[in-house]
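Here's final-v7.pdb, which has PDB, C-alpha atoms:
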```pdb
ATOM      1  CA  MET A 249      10.163  -5.802  17.556
ATOM      2  CA  ASN A 250       7.459  -6.645  15.046
ATOM      3  CA  LEU A 251       7.839 -10.191  13.710
ATOM      4  CA  GLU A 252       4.768  -9.989  11.487
ATOM      5  CA  PRO A 253       5.704  -9.875   7.792
ATOM      6  CA  PRO A 254       4.952  -6.619   6.023
ATOM      7  CA  THR A 255       1.930  -6.104   3.854
ATOM      8  CA  ARG A 256       2.983  -6.563   0.230
ATOM      9  CA  VAL A 257       2.001  -4.068  -2.452
ATOM     10  CA  PHE A 258       2.255  -5.319  -6.042
ATOM     11  CA  TYR A 259       2.487  -2.543  -8.630
ATOM     12  CA  ASP A 260       3.804  -1.680 -12.109
ATOM     13  CA  ARG A 261       7.115   0.124 -11.685
ATOM     14  CA  GLN A 262       7.217   0.943 -15.393
ATOM     15  CA  CYS A 263       4.166   3.168 -14.937
ATOM     16  CA  PRO A 264       4.968   6.733 -13.790
ATOM     17  CA  LEU A 265       1.450   7.170 -12.365
ATOM     18  CA  CYS A 266       1.797   3.948 -10.350
ATOM     19  CA  CYS A 267       5.239   4.982  -9.078
ATOM     20  CA  ALA A 268       3.948   8.402  -8.021
ATOM     21  CA  CYS A 269       1.139   6.745  -6.070
ATOM     22  CA  VAL A 270       3.532   4.272  -4.433
ATOM     23  CA  GLU A 271       5.879   7.104  -3.395
ATOM     24  CA  TRP A 272       2.916   9.017  -1.927
ATOM     25  CA  VAL A 273       1.997   5.953   0.144
ATOM     26  CA  ARG A 274       5.618   5.211   1.102
ATOM     27  CA  ARG A 275       6.008   8.700   2.631
ATOM     28  CA  ARG A 276       2.928   8.189   4.828
ATOM     29  CA  VAL A 277       3.550   4.782   6.421
ATOM     30  CA  ARG A 278       6.106   3.533   8.918
ATOM     31  CA  GLU A 279       9.272   2.097   7.442
ATOM     32  CA  GLY A 280       8.940  -1.664   7.022
ATOM     33  CA  GLU A 281       5.136  -1.644   7.242
ATOM     34  CA  LEU A 282       4.790  -2.216   3.501
ATOM     35  CA  GLU A 283       6.920  -4.111   1.014
ATOM     36  CA  PHE A 284       6.610  -2.829  -2.545
ATOM     37  CA  VAL A 285       6.963  -5.449  -5.290
ATOM     38  CA  ASP A 286       7.374  -4.511  -8.951
ATOM     39  CA  VAL A 287       5.293  -6.961 -10.989
ATOM     40  CA  ALA A 288       6.401  -5.597 -14.361
ATOM     41  CA  GLY A 289      10.138  -5.993 -13.916
ATOM     42  CA  SER A 290      10.286  -8.435 -11.048
ATOM     43  CA  THR A 291      12.803 -11.231 -11.057
ATOM     44  CA  GLN A 292      10.235 -13.330  -9.212
ATOM     45  CA  GLY A 293       8.358 -13.955 -12.445
ATOM     46  CA  ALA A 294       5.108 -15.857 -12.733
ATOM     47  CA  GLU A 295       6.429 -18.809 -10.738
ATOM     48  CA  GLY A 296       7.337 -16.595  -7.799
ATOM     49  CA  PHE A 297       3.925 -14.955  -7.753
ATOM     50  CA  ALA A 298       2.186 -18.308  -8.020
ATOM     51  CA  ALA A 299       4.139 -19.473  -4.969
ATOM     52  CA  ILE A 300       2.615 -16.678  -2.878
ATOM     53  CA  GLY A 301      -0.868 -17.208  -4.287
ATOM     54  CA  CYS A 302      -0.856 -14.481  -6.931
ATOM     55  CA  ALA A 303      -0.412 -16.360 -10.183
ATOM     56  CA  ASP A 304      -2.285 -13.620 -12.051
ATOM     57  CA  CYS A 305      -0.241 -10.698 -10.661
ATOM     58  CA  ALA A 306       0.122  -8.828 -13.909
ATOM     59  CA  PRO A 307       0.840  -5.111 -14.032
ATOM     60  CA  ASP A 308      -2.785  -4.378 -14.946
ATOM     61  CA  ALA A 309      -3.914  -3.641 -11.373
ATOM     62  CA  LEU A 310      -2.583  -2.683  -7.983
ATOM     63  CA  ARG A 311      -2.742  -5.589  -5.543
ATOM     64  CA  VAL A 312      -2.223  -5.674  -1.781
ATOM     65  CA  LEU A 313      -1.552  -8.828   0.261
ATOM     66  CA  ASN A 314      -1.969  -8.487   4.027
ATOM     67  CA  PRO A 315      -0.033 -10.816   6.360
ATOM     68  CA  ASP A 316      -3.300 -12.625   7.217
ATOM     69  CA  GLY A 317      -3.646 -13.672   3.558
ATOM     70  CA  THR A 318      -6.320 -11.126   2.622
ATOM     71  CA  TRP A 319      -5.987  -9.875  -0.954
ATOM     72  CA  TYR A 320      -7.181  -6.516  -2.267
ATOM     73  CA  GLU A 321      -7.166  -5.581  -5.923
ATOM     74  CA  GLY A 322      -7.754  -2.394  -7.891
ATOM     75  CA  ALA A 323     -10.045   0.108  -6.182
ATOM     76  CA  ASP A 324     -10.216  -2.119  -3.101
ATOM     77  CA  ALA A 325      -6.393  -2.045  -2.867
ATOM     78  CA  VAL A 326      -6.417   1.742  -3.160
ATOM     79  CA  ARG A 327      -8.973   1.928  -0.344
ATOM     80  CA  GLU A 328      -6.846  -0.389   1.844
ATOM     81  CA  LEU A 329      -3.714   1.709   1.282
ATOM     82  CA  ALA A 330      -5.669   4.913   1.948
ATOM     83  CA  ARG A 331      -6.860   3.419   5.232
ATOM     84  CA  ARG A 332      -3.275   2.615   6.222
ATOM     85  CA  THR A 333      -2.084   6.155   5.429
ATOM     86  CA  GLY A 334      -4.817   7.883   7.418
ATOM     87  CA  TRP A 335      -6.751   8.884   4.306
ATOM     88  CA  GLY A 336      -9.395   6.165   4.611
ATOM     89  CA  ARG A 337     -12.155   8.619   5.465
ATOM     90  CA  TRP A 338     -11.659  10.300   2.097
ATOM     91  CA  VAL A 339     -12.131   7.123   0.073
ATOM     92  CA  GLY A 340     -14.200   4.991   2.448
ATOM     93  CA  TRP A 341     -17.328   5.761   0.438
ATOM     94  CA  THR A 342     -15.856   3.739  -2.455
ATOM     95  CA  GLY A 343     -16.662   0.602  -0.460
ATOM     96  CA  TRP A 344     -20.302   1.476   0.177
ATOM     97  CA  PRO A 345     -22.992  -0.505  -1.621
ATOM     98  CA  GLY A 346     -23.968   1.329  -4.761
ATOM     99  CA  PHE A 347     -20.597   3.076  -5.007
ATOM    100  CA  ARG A 348     -18.238   0.095  -5.034
ATOM    101  CA  TRP A 349     -19.073  -0.811  -8.642
ATOM    102  CA  LEU A 350     -18.473   2.812  -9.679
ATOM    103  CA  ALA A 351     -15.094   2.941  -7.925
ATOM    104  CA  ARG A 352     -14.059  -0.357  -9.514
ATOM    105  CA  ALA A 353     -15.151   0.791 -12.985
ATOM    106  CA  LEU A 354     -13.283   4.076 -12.566
ATOM    107  CA  TYR A 355     -10.188   2.197 -11.370
ATOM    108  CA  ARG A 356     -10.307  -0.119 -14.398
ATOM    109  CA  TRP A 357     -10.542   2.899 -16.713
ATOM    110  CA  VAL A 358      -7.618   4.672 -15.029
ATOM    111  CA  ALA A 359      -5.571   1.450 -15.020
ATOM    112  CA  SER A 360      -6.152   0.875 -18.724
ATOM    113  CA  HIS A 361      -5.127   4.479 -19.503
ATOM    114  CA  ARG A 362      -2.361   4.822 -16.904
ATOM    115  CA  TYR A 363       0.468   5.420 -19.370
ATOM    116  CA  ALA A 364      -1.418   8.191 -21.163
ATOM    117  CA  LEU A 365      -2.486   9.732 -17.845
ATOM    118  CA  SER A 366       1.129   9.599 -16.641
ATOM    119  CA  LYS A 367       2.021  12.245 -19.210
ATOM    120  CA  TRP A 368       0.040  14.761 -17.148
ATOM    121  CA  LEU A 369       2.200  14.276 -14.043
TER     122      LEU A 369
END
```
Structure rendered as structure tokens:
Amino acid sequence: MNLEPPTRVFYDRQCPLCCACVEWVRRRVREGELEFVDVAGSTQGAEGFAAIGCADCAPDALRVLNPDGTWYEGADAVRELARRTGWGRWVGWTGWPGFRWLARALYRWVASHRYALSKWL
């Protein structure tokens, strides 16, 4: 029995692109390994997120909180989830010096256009 709390994934459930990505991840991890938290429609609200150390958890970026307290945001969160699903080798380069800034810039662009991009799903 695993007593370690699950890794928490904070995402925008109102975004079809975000939901598609979360479902892709959900199908590739063990049940209970990740807890998915909707930051757009959550009943936790700002106070609840502040209590867990994520006062700025707005639906503008994917965020991952590991049980050890390590936070990942945006492209770094995508890389962490890819690692957990066995796809880390495909996106590992996004953490290399010289490429990290590019991955983060691309993530910010996709995040700011996520509703328009969702129409292509």
message: With the PyMOL selection byres ((chain A and resi 262-270) around 9) as the selection, what would be picked from this file? Answer as a PyMOL selection string, please.
response: chain A and resi 257+259-261+271-275+284+286+288-289+307+310+362-363+365-367+369
- prompt: So how far away is atom CA of A:Gly340 from atom CA of A:Trp357, in Å?
  reply: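 Taking atom CA of A:Trp357 and atom CA of A:Gly340, their separation equals 19.6 Å.
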message: Let me make sure I understand: among A:Pro253, A:Gly317, A:Arg276, A:Ala323, which one has the smallest atom-to-atom distance to A:Trp349 if we use only C-alpha atoms?
response: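 Nearest to A:Trp349: A:Ala323.
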Coordinates-based distance that separates atom CA of A:Ala330 from atom CA of A:Thr342 (Å, one decimal):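 Separation between atom CA of A:Thr342 and atom CA of A:Ala330: 11.2 Å.
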- prompt: Using all atoms listed in the file, which residues sit within 9 Å of A:Asp324 once same-chain residues fewer than 2 positions away are excluded, as a VMD selection string?
  reply: chain A and resid 311 to 312 320 to 322 326 to 329 342 to 343 348 351 to 352
Taking all atoms of stretch 258-277 of chain A that the file lists, what box with edges along x, y and z, padded by 4 Å per side, do you get, with centre and edge lengths in Å to one decimal, as lines of an AutoDock Vina configuration file?
```
center_x = 4.2
center_y = 1.8
center_z = -4.5
size_x = 14.1
size_y = 22.3
size_z = 29.8
```
query: What gap, in Å, lies between atom CA of A:Pro315 and atom CA of A:Arg331?
result: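 Separating atom CA of A:Pro315 from atom CA of A:Arg331 is a distance of 15.8 Å.
Comparing A:Ala359, A:Leu282, A:Val339, A:Leu350 by their smallest distance to A:Ala309, the closest is A:Ala359 (using all atoms listed in the file).
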task: Go through A:Leu354, A:Trp368, A:Gly280, A:Val287 and flag the residue nearest A:Asp308, using only C-alpha atoms for the distances.
output: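 Ranked by minimum distance to A:Asp308, first place goes to A:Val287.
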